[in-house]
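Encoded as structure tokens, the structure appears first; notes follow it.
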Amino acid sequence: MSNDRIKLTLTRWDRDLILAHGYPFPGLRVVLEAVPNSKDRVVVRCDPFDVEHLLGDLAYSINHCADDLLQMQLNELYESIESETGL
């Protein structure tokens with residue numbers, strides 16, 4: 001695992017979407033589950049490998065989502081993570 005960590009700024013809603021539709025690896029799941037039950041944004045540090053796979057899994061969920069509202073929310077989350085991380 002690389003020592004370089006990627007910072008992600010997430011809301012509780014973002015975290016819940018990722019846990020439900022991003023299929024995070026165990027290391028990332030632990031980080032996300034530690035996000036406080038708050039409406040404030042929090043910064044989490046993640047392994048770049050995990051974030052790259054998270055983006056791929058979110059893209060899969062976006063492309064296979066039958067719910068238009070959920071698809072839009074997942075797409076916004078994907079774009080936010082992609083923009084923030086530069087991946």
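Within each chain, counting starts at residue 1; across the structure tokens, chains are named A, B, ... in the order shown, with ligands numbered 1 upward in that order.
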
Margin query: as a list in words, please: the residues near segment 59-66 of chain A (cut-off 12 Å, only C-alpha atoms, same-chain neighbours under 5 positions excluded).
Written below: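 Counting only C-alpha atoms, the residues come to Leu17, Ile18, Leu19, Ala20, His21, Gly22, Tyr23, Glu52, His53, Leu54, Gln71, Met72, Gln73, Leu74, Asn75, Glu76, Leu77, Tyr78, Glu79, Ile81 and Glu82 of chain A.
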
Next, dump the selected residues to file, keeping only N, CA and C atoms, as a PDB file, in the first residue's frame.
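New file again-v4.pdb:
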ATOM      1  N   LEU A  17     -24.012   6.947   0.356  1.00  0.00           N
ATOM      2  CA  LEU A  17     -24.104   6.537  -1.054  1.00  0.00           C
ATOM      3  C   LEU A  17     -22.949   5.607  -1.426  1.00  0.00           C
ATOM      4  N   ILE A  18     -21.750   5.948  -0.962  1.00  0.00           N
ATOM      5  CA  ILE A  18     -20.587   5.118  -1.276  1.00  0.00           C
ATOM      6  C   ILE A  18     -20.740   3.728  -0.659  1.00  0.00           C
ATOM      7  N   LEU A  19     -21.152   3.681   0.593  1.00  0.00           N
ATOM      8  CA  LEU A  19     -21.309   2.381   1.250  1.00  0.00           C
ATOM      9  C   LEU A  19     -22.391   1.532   0.580  1.00  0.00           C
ATOM     10  N   ALA A  20     -23.445   2.175   0.099  1.00  0.00           N
ATOM     11  CA  ALA A  20     -24.547   1.434  -0.512  1.00  0.00           C
ATOM     12  C   ALA A  20     -24.313   1.087  -1.980  1.00  0.00           C
ATOM     13  N   HIS A  21     -23.584   1.933  -2.705  1.00  0.00           N
ATOM     14  CA  HIS A  21     -23.492   1.758  -4.163  1.00  0.00           C
ATOM     15  C   HIS A  21     -22.072   1.777  -4.719  1.00  0.00           C
ATOM     16  N   GLY A  22     -21.073   1.982  -3.863  1.00  0.00           N
ATOM     17  CA  GLY A  22     -19.691   2.060  -4.331  1.00  0.00           C
ATOM     18  C   GLY A  22     -18.883   0.807  -4.084  1.00  0.00           C
ATOM     19  N   TYR A  23     -19.448  -0.150  -3.333  1.00  0.00           N
ATOM     20  CA  TYR A  23     -18.790  -1.421  -3.054  1.00  0.00           C
ATOM     21  C   TYR A  23     -17.339  -1.230  -2.597  1.00  0.00           C
ATOM     22  N   GLU A  52      -9.508   4.737  -6.833  1.00  0.00           N
ATOM     23  CA  GLU A  52      -9.652   4.400  -8.253  1.00  0.00           C
ATOM     24  C   GLU A  52     -10.713   3.318  -8.442  1.00  0.00           C
ATOM     25  N   HIS A  53     -10.699   2.315  -7.596  1.00  0.00           N
ATOM     26  CA  HIS A  53     -11.697   1.247  -7.709  1.00  0.00           C
ATOM     27  C   HIS A  53     -13.083   1.733  -7.292  1.00  0.00           C
ATOM     28  N   LEU A  54     -13.121   2.622  -6.315  1.00  0.00           N
ATOM     29  CA  LEU A  54     -14.394   3.210  -5.919  1.00  0.00           C
ATOM     30  C   LEU A  54     -15.025   3.939  -7.099  1.00  0.00           C
ATOM     31  N   GLN A  71     -29.454   7.882  -9.875  1.00  0.00           N
ATOM     32  CA  GLN A  71     -28.419   7.946 -10.897  1.00  0.00           C
ATOM     33  C   GLN A  71     -27.786   9.338 -10.928  1.00  0.00           C
ATOM     34  N   MET A  72     -28.598  10.380 -10.823  1.00  0.00           N
ATOM     35  CA  MET A  72     -28.093  11.742 -10.810  1.00  0.00           C
ATOM     36  C   MET A  72     -27.230  11.991  -9.562  1.00  0.00           C
ATOM     37  N   GLN A  73     -27.679  11.498  -8.410  1.00  0.00           N
ATOM     38  CA  GLN A  73     -26.926  11.680  -7.165  1.00  0.00           C
ATOM     39  C   GLN A  73     -25.583  10.958  -7.224  1.00  0.00           C
ATOM     40  N   LEU A  74     -25.592   9.746  -7.745  1.00  0.00           N
ATOM     41  CA  LEU A  74     -24.349   8.991  -7.880  1.00  0.00           C
ATOM     42  C   LEU A  74     -23.405   9.667  -8.860  1.00  0.00           C
ATOM     43  N   ASN A  75     -23.945  10.198  -9.945  1.00  0.00           N
ATOM     44  CA  ASN A  75     -23.118  10.887 -10.927  1.00  0.00           C
ATOM     45  C   ASN A  75     -22.483  12.139 -10.323  1.00  0.00           C
ATOM     46  N   GLU A  76     -23.250  12.885  -9.547  1.00  0.00           N
ATOM     47  CA  GLU A  76     -22.704  14.079  -8.888  1.00  0.00           C
ATOM     48  C   GLU A  76     -21.596  13.705  -7.909  1.00  0.00           C
ATOM     49  N   LEU A  77     -21.793  12.626  -7.157  1.00  0.00           N
ATOM     50  CA  LEU A  77     -20.773  12.151  -6.233  1.00  0.00           C
ATOM     51  C   LEU A  77     -19.525  11.728  -6.996  1.00  0.00           C
ATOM     52  N   TYR A  78     -19.708  10.981  -8.072  1.00  0.00           N
ATOM     53  CA  TYR A  78     -18.584  10.542  -8.902  1.00  0.00           C
ATOM     54  C   TYR A  78     -17.786  11.750  -9.391  1.00  0.00           C
ATOM     55  N   GLU A  79     -18.476  12.724  -9.951  1.00  0.00           N
ATOM     56  CA  GLU A  79     -17.803  13.908 -10.490  1.00  0.00           C
ATOM     57  C   GLU A  79     -17.088  14.697  -9.394  1.00  0.00           C
ATOM     58  N   ILE A  81     -15.808  13.456  -6.555  1.00  0.00           N
ATOM     59  CA  ILE A  81     -14.594  12.710  -6.165  1.00  0.00           C
ATOM     60  C   ILE A  81     -13.534  12.812  -7.252  1.00  0.00           C
ATOM     61  N   GLU A  82     -13.951  12.668  -8.488  1.00  0.00           N
ATOM     62  CA  GLU A  82     -13.015  12.745  -9.614  1.00  0.00           C
ATOM     63  C   GLU A  82     -12.340  14.124  -9.655  1.00  0.00           C
TER      64      GLU A  82
END

Next item on the list: Go through A:Val43, A:Pro24, A:Leu69, A:Arg15 one by one, measure the shortest atom-to-atom distance of each to Glu84 of chain A using only C-alpha atoms, and give the residue with the smallest value.
Entry: A:Val43

Check: Neighbours of Val51 of chain A within 10 Å (only C-alpha atoms; same-chain residues fewer than 4 positions away dropped), as a list in words?
Finding: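 So the residues in contact are Arg5, Ile6, Lys7, Leu8, Gly22, Pro24, Phe25, Leu28, Arg45, Cys46, Asp47, Leu55, Gly56, Asp57, Ile81, Glu82, Thr85 and Leu87 of chain A.
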
Notebook entry, point to check: Between atom CA of Asp16 of chain A and atom CA of Val30 of chain A, what is the spacing in Å?
Noted result: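 For atom CA of Val30 of chain A relative to atom CA of Asp16 of chain A, the distance reads 12.8 Å.
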
All alpha helix (DSSP H) residues (DSSP, backbone) inside chain A, as a compact mmCIF listing (two decimals) with C-alpha atoms, in the first residue's frame:
# COMPACT_ATOMS: atom_id res chain seq x y z
CA ARG A 12 -22.64 11.83 5.66
CA TRP A 13 -24.90 11.51 2.57
CA ASP A 14 -21.84 10.97 0.34
CA ARG A 15 -20.56 8.31 2.69
CA ASP A 16 -23.92 6.53 2.75
CA LEU A 17 -24.10 6.54 -1.05
CA ILE A 18 -20.59 5.12 -1.28
CA LEU A 19 -21.31 2.38 1.25
CA ALA A 20 -24.55 1.43 -0.51
CA HIS A 21 -23.49 1.76 -4.16
CA PRO A 26 -12.49 -3.26 3.47
CA GLY A 27 -9.81 -0.61 4.13
CA LEU A 28 -11.93 2.15 2.64
CA ARG A 29 -15.07 0.80 4.31
CA VAL A 30 -13.43 1.20 7.75
CA VAL A 31 -12.47 4.79 6.95
CA LEU A 32 -15.97 5.61 5.71
CA GLU A 33 -17.71 3.98 8.65
CA PRO A 48 -5.30 5.92 -4.19
CA PHE A 49 -5.91 2.30 -5.26
CA ASP A 50 -9.12 2.18 -3.24
CA VAL A 51 -10.34 5.50 -4.67
CA GLU A 52 -9.65 4.40 -8.25
CA HIS A 53 -11.70 1.25 -7.71
CA LEU A 54 -14.39 3.21 -5.92
CA LEU A 55 -14.76 5.44 -8.99
CA GLY A 56 -15.03 2.36 -11.20
CA ASP A 57 -17.66 0.82 -8.96
CA LEU A 58 -19.62 4.08 -8.80
CA ALA A 59 -19.51 4.26 -12.60
CA TYR A 60 -20.90 0.72 -12.76
CA SER A 61 -23.72 1.67 -10.38
CA ILE A 62 -24.46 4.81 -12.40
CA ASN A 63 -24.66 2.87 -15.65
CA ASP A 68 -33.16 8.56 -12.34
CA LEU A 69 -32.78 10.52 -9.10
CA LEU A 70 -30.31 8.03 -7.62
CA GLN A 71 -28.42 7.95 -10.90
CA MET A 72 -28.09 11.74 -10.81
CA GLN A 73 -26.93 11.68 -7.17
CA LEU A 74 -24.35 8.99 -7.88
CA ASN A 75 -23.12 10.89 -10.93
CA GLU A 76 -22.70 14.08 -8.89
CA LEU A 77 -20.77 12.15 -6.23
CA TYR A 78 -18.58 10.54 -8.90
CA GLU A 79 -17.80 13.91 -10.49
CA SER A 80 -17.07 15.46 -7.11
CA ILE A 81 -14.59 12.71 -6.16
CA GLU A 82 -13.01 12.74 -9.61
CA SER A 83 -12.60 16.53 -9.50
CA GLU A 84 -11.24 16.59 -5.97
CA THR A 85 -8.74 13.78 -6.48

Next item on the list: Run DSSP on the backbone and give me the residues of chain A it puts in strand (DSSP E or B), as a PyMOL selection string.
Entry: chain A and resi 6-10+42-46

Restricted to C-alpha atoms, what would the selected residues look like written as a short mmCIF file (atom, residue, chain, number, x, y, z; two decimals), in the first residue's frame?
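selection_18.cif written:
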data_model
loop_
_atom_site.label_atom_id
_atom_site.label_comp_id
_atom_site.auth_asym_id
_atom_site.auth_seq_id
_atom_site.Cartn_x
_atom_site.Cartn_y
_atom_site.Cartn_z
CA ILE A 6 -5.81 10.99 -1.11
CA LYS A 7 -8.01 13.42 0.75
CA LEU A 8 -11.74 13.15 0.15
CA THR A 9 -14.17 15.70 1.53
CA LEU A 10 -17.46 13.93 2.21
CA VAL A 42 -15.42 15.69 6.91
CA VAL A 43 -12.07 14.93 5.31
CA VAL A 44 -10.99 11.32 5.08
CA ARG A 45 -7.68 10.02 3.80
CA CYS A 46 -7.78 7.05 1.45
#
